[in-house]
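Novice: Pasting in a structure now, in structure tokens, and then I'll have a few things to ask.
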Amino acid sequence: MQTLQLKQPLAGAIFLCALFLLILGLLSEVSLRVAHAAQVLPAPNMGVANPELGIKVARLDALAKARGRVDCIFIGSSAVDADVDPQEMSRIYQARTGEEIVCFNFGIAAMPTTAAPTIGKLLIARYHPKILIYGADPSVFSQDFPGGVYDVPWVRYHSGDVTVEGWLMEYSYLYRYSVASSDWRNVERIELTSRLERNISSFGFNAYKGNEFEEITTGWGMAQHQLYPPYFAGYRDFLNLRSTDTQIVVFELPTQMNFRVKKDPADEKAYQEQFLQPIIAEAESRGALFWRTGQIVFTTLPASHFADWLHLNYGGTKVFSGWLGEQLAEAVQQGKLKVR
Amino acid sequence: MEIISWQFALFVLVVVGVYYALPHRAQNYWLLIASYIFYLTWGWNFALVLFCLTAFNFLWAKRLTPDQSRRRLWLWIGIVANVTLLSFYKLNESEYAARLGLTTKFLLPIGLAFYTLQAISYLVDVYNKVLPPSSNWADFFLYLSYFPKLLAGPIERARNFLPILAKPRVVTNETLAKATALIMIGLIRKIVIADVLSQIILLEKAWVGWGANYSTPVLILWLLSFAFALYNDFAGYTGIVRGVSLLFGIELAANFQQPYLSRNFAEFWNRWHISFSHWLRDYIYFPLSRWLARLTGSQRNVLSVIVPPLITMAASGAWHGFNVYTLIWGGLHGLYQIVERVWSLYFPVTPPDQQPRWRQALGMLTVFGFTILAWVAFAMGTLRNGGSAFAFWRAISVSAHWTTFGWEYLLVFLPIAFSLGLDAIQNHYRDEVIFLRWNIFGRAILFAAACLLLFVVSVGGAPRVFVYQGF
């Protein structure tokens with residue numbers, strides 16, 4: 001006796017299921033696109049563990065759509081995230097040059113230098129900025145830097161590595177939001193995502209609050225200034241993104257002066273020789289501009305302007321962003337940079 | 001090879017495809033080969049343990065036929081041998097063995113706790129002349145190794161399973177529809193309810209300093225999450241493997257019947273992990289009750305009322321793990337049953353179905369409340385992350401505090417409501433696959449919606465390992 005004894009209408013049932021699945025899938029896709037465009041849904045994380053990337057992409061998409069262009073994009077780790085307010089920078093720039101500039105802060109917490117080249121390529125491919133500005137501090141070049149993983153299919157897709165996952169993430173909102181749904185299933189993730197959604201401005205600035213420290217004299221990344229070779233290689237690859245369409249600028253991120261003056265003078269020497277000089281030399285050898293923060297740390301950024309040893313608080317960011325606006329205006333006026 | 005994986009899906013497809021093409025006797029051999037291949041993917045040593053245990057019980061049962069002398073002695077030796085093997089592995093991985101430095105490198109073979117019980121039930125049934133010792137080695141080996149039930153049950157009885165193997169099986173449209181429905185409901189329970197519930201309030205983090213870091217409502221919500229996650233995890237597993245088994249035309253026993261809708265504890269244990277609780281009832285509770293009744297001359301004697309439920313539930317606790325907390329969990333359930341039994345001795349008991357609605361609801365709430373209190377000990381005993389059940393009970397009672405509570409914690413009620421809704425429908429119609437009664441359009445829409453839901457939830461994260469695979 002045969003085990004399998006099937007009769008019609010099995011094929012009809014399977015066909016109906018497939019048909020309804022297609023209809024439901026399309027309906028979901030359309031609904032999600034409409035909801036995303038209306039910004040009634042939180043930004044999806046784009047497959048990266050850190051939800052900040054997805055929020056920044058959503059903000060940048062909206063800014064590019066509203067202004068029709070993005071002139072410059074800041075990139076880097078949490079220090080860039082917290083230290084640069086593009087609105088304040090643009091205000092100072094406009095006051096100096098009379099021209100409007102549209103900039104965005106794409107700094108993301110724990111983004112390692114190794115992710116900067118792929119993220120940079122993604123930003124160039126999607127938004128065509130004239131200038132990419134990278135913020136460097138010793139911590140991101142330290143072997144101890146707890147870098148997050150940004151090597152995901154969607155990011156790689158924009159570097160030419162086409163996979164089904166990368167393609168789906170770019171073109172299917174159903175897939176994108178399905179991946180992101182993991183962010184909304186855990187109270188701690190929900191809390192983090194909501195906080196970031198509230199905190200990040202439409203220009204990508206993520207303000208740090210408070211002032212945790214006056215006397216802290218140690219911190220990871222500050223104990224050593226040696227450049228960890230894989231991280232330095234990532235920095236070099238980022239500098240290589242320079243082209244006729246894209247200019248690269250690197251700036252030294254301010255670190256709290258307690259580190260710079262209270263510590264052993266030998267440490268300051270190591271900071272200059274082992275960290276600063278090599279990254280300046282590398283930037284200049286590849287045709288990138290380098291802005292040294294130098295004395296402003298001592299003169300205009302007192303301890304009260306820092307949230308912790310590395311991140312500025314809102315008061316510090318206002319001062320520092322204004323300084324960045326001045327640097328940009330000066331570089332444009334001197335013909336070293338072109339905004340358009 | 002995990003049950004929820006593309007590898008397993010492909011494996012089942014290949015096994016089913018070949019199975020349909022084979023004649024009946026060859027099908028059993030084929031299933032046996034497939035089952036051992038499946039088990040080998042978990043470890044060759046596991047397969048070796050299973051093979052040895054099966055061979056031992058197959059041969060040993062022949063000593064238990066009525067014509068053999070000293071049958072009782074042989075039965076006890078057989079039982080002790082099986083229990084010793086299980087105890088060795090269970091003790092080996094207990095924290096006490098670790099503390100005493102007695103652990104060995106032998107890992108507990110996955111599913112051992114389940115197939116050992118099946119082997120014991122076979123020996124006892126042969127001894128009791130419920131069935132003759134199997135003369136077909138292949139069928140008997142398949143009984144213990146059949147891959148859909150190998151990892152975590154259901155705990156089948158040889159008297160039910162061997163006759164199924166002896167007969168040719170038929171798979172019709174209806175069988176396939178039921179198999180698909182069971183698999184889909186199982187996947188929904190596991191991936192959409194259990195796994196999501198397990199993530200909302202992360203269990204691992206709740207253990208550390210809960211009294212200080214988590215407010216009482218958060219701990220209670222975590223406890224509710226744990227209760228529904230555990231239920232849907234195991235019920236989901238059972239649904240999937242029963243569905244897979246139906247593809248071969250082999251119907252496995254149901255393991256769950258909406259347990260949280262139980263109105264008393266006796267009913268709870270007839271609805272929760274049914275194949276295991278019935279095993280405990282038939283092979284520990286009833287024999288012990290009969291023995292004590294003979295010894296004391298009455299079933300209402302204190303010993304007859306107290307000892308059988310306590311011993312039975314302690315055995316259940318020990319089966320789940322050799323540690324204080326699983327024993328406390330078992331002890332608590334034993335205590336609940338004693339209270340219920342004593343109550344029934346002095347007050348007339350109306351069957352739950354004949355009680356007014358309010359009493360049924362009160363019964364459900366009472367049973368659920370005491371059950372989740374016991375789950376605290378079960379959780380500490382099985383998750384092994386250093387938590388203290390007593391600290392937890394204290395944190396939700398005498399040292400309750402109501403700070404640090406955000407709206408996001410209320411998310412746990414979404415999957416819980418889904419679980420209860422599914423249970424309510426299945427319970428109302430007394431049919432676990434009630435959806436198959438819908439017309440073809442309704443079924444197609446529901447199936448498509450379920451597929452879409454599974455896609456959305458599973459793309460966001462890999463499924464967690466089934467909790468009961470750890471036993």
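Following the order of the structure tokens, chains are lettered A, B, ..., residues in each are numbered from 1, and ligands are numbered from 1.
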Set the cut-off to 6 Å and count only C-alpha atoms: what are the residues of chain B that reach chain A? Output as a PyMOL selection string.
Specialist: chain B and resi 20+169-173+199-200+408+444-445+448+456+459-460
Novice: Taking the DSSP secondary structure from the backbone, can you list the residues of stretch 71-300 of chain A that are strand (DSSP E), as a ChimeraX atom specification?
Specialist: /A:72-76,103-107,131-136,247-252,289-291
Novice: Looking at only C-alpha atoms, which of B:Tyr214, B:Trp272, B:Trp375, B:Trp343 is the one that sits closest to B:Trp402?
Specialist: B:Tyr214
Novice: Residues near stretch 37-41 of chain A, anyone? I mean within 10 Å using only C-alpha atoms, not counting same-chain ones fewer than 3 positions away, as an mmCIF file with N, CA and C atoms, in the first residue's frame.
Specialist:
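And here's out-v3.cif as it stands now:
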data_model
loop_
_atom_site.group_PDB
_atom_site.id
_atom_site.type_symbol
_atom_site.label_atom_id
_atom_site.label_comp_id
_atom_site.auth_asym_id
_atom_site.auth_seq_id
_atom_site.Cartn_x
_atom_site.Cartn_y
_atom_site.Cartn_z
ATOM 1 N N SER A 31 2.700 49.760 3.139
ATOM 2 C CA SER A 31 2.360 50.419 4.410
ATOM 3 C C SER A 31 3.611 50.940 5.101
ATOM 4 N N LEU A 32 4.670 50.116 5.096
ATOM 5 C CA LEU A 32 5.902 50.524 5.777
ATOM 6 C C LEU A 32 6.566 51.704 5.070
ATOM 7 N N ARG A 33 6.509 51.710 3.749
ATOM 8 C CA ARG A 33 7.091 52.835 2.999
ATOM 9 C C ARG A 33 6.351 54.137 3.324
ATOM 10 N N VAL A 34 5.025 54.031 3.378
ATOM 11 C CA VAL A 34 4.222 55.219 3.691
ATOM 12 C C VAL A 34 4.523 55.682 5.117
ATOM 13 N N PRO A 44 14.862 52.330 11.355
ATOM 14 C CA PRO A 44 15.400 50.958 11.446
ATOM 15 C C PRO A 44 16.920 50.969 11.567
ATOM 16 N N ALA A 58 18.431 57.783 8.728
ATOM 17 C CA ALA A 58 17.088 58.341 8.536
ATOM 18 C C ALA A 58 17.127 59.873 8.590
ATOM 19 N N ALA A 62 16.418 62.473 5.427
ATOM 20 C CA ALA A 62 15.421 63.542 5.530
ATOM 21 C C ALA A 62 16.062 64.904 5.230
ATOM 22 N N TYR A 177 12.636 46.713 8.192
ATOM 23 C CA TYR A 177 11.954 46.833 9.482
ATOM 24 C C TYR A 177 11.878 45.486 10.212
#
Novice: Once you count only C-alpha atoms, what closest atom pair and distance in Å to one decimal does each residue of stretch 258-355 of chain B within 10 Å of stretch 218-237 of chain B have, with rows by chain and rising residue number, as a Markdown table?
Specialist:
| residue | atom | partner | partner_atom | distance |
| --- | --- | --- | --- | --- |
| B:Gln258 | CA | B:Tyr231 | CA | 9.1 |
| B:Pro259 | CA | B:Tyr231 | CA | 8.4 |
| B:Tyr260 | CA | B:Phe228 | CA | 8.9 |
| B:Trp272 | CA | B:Tyr231 | CA | 8.4 |
| B:His273 | CA | B:Ala235 | CA | 8.3 |
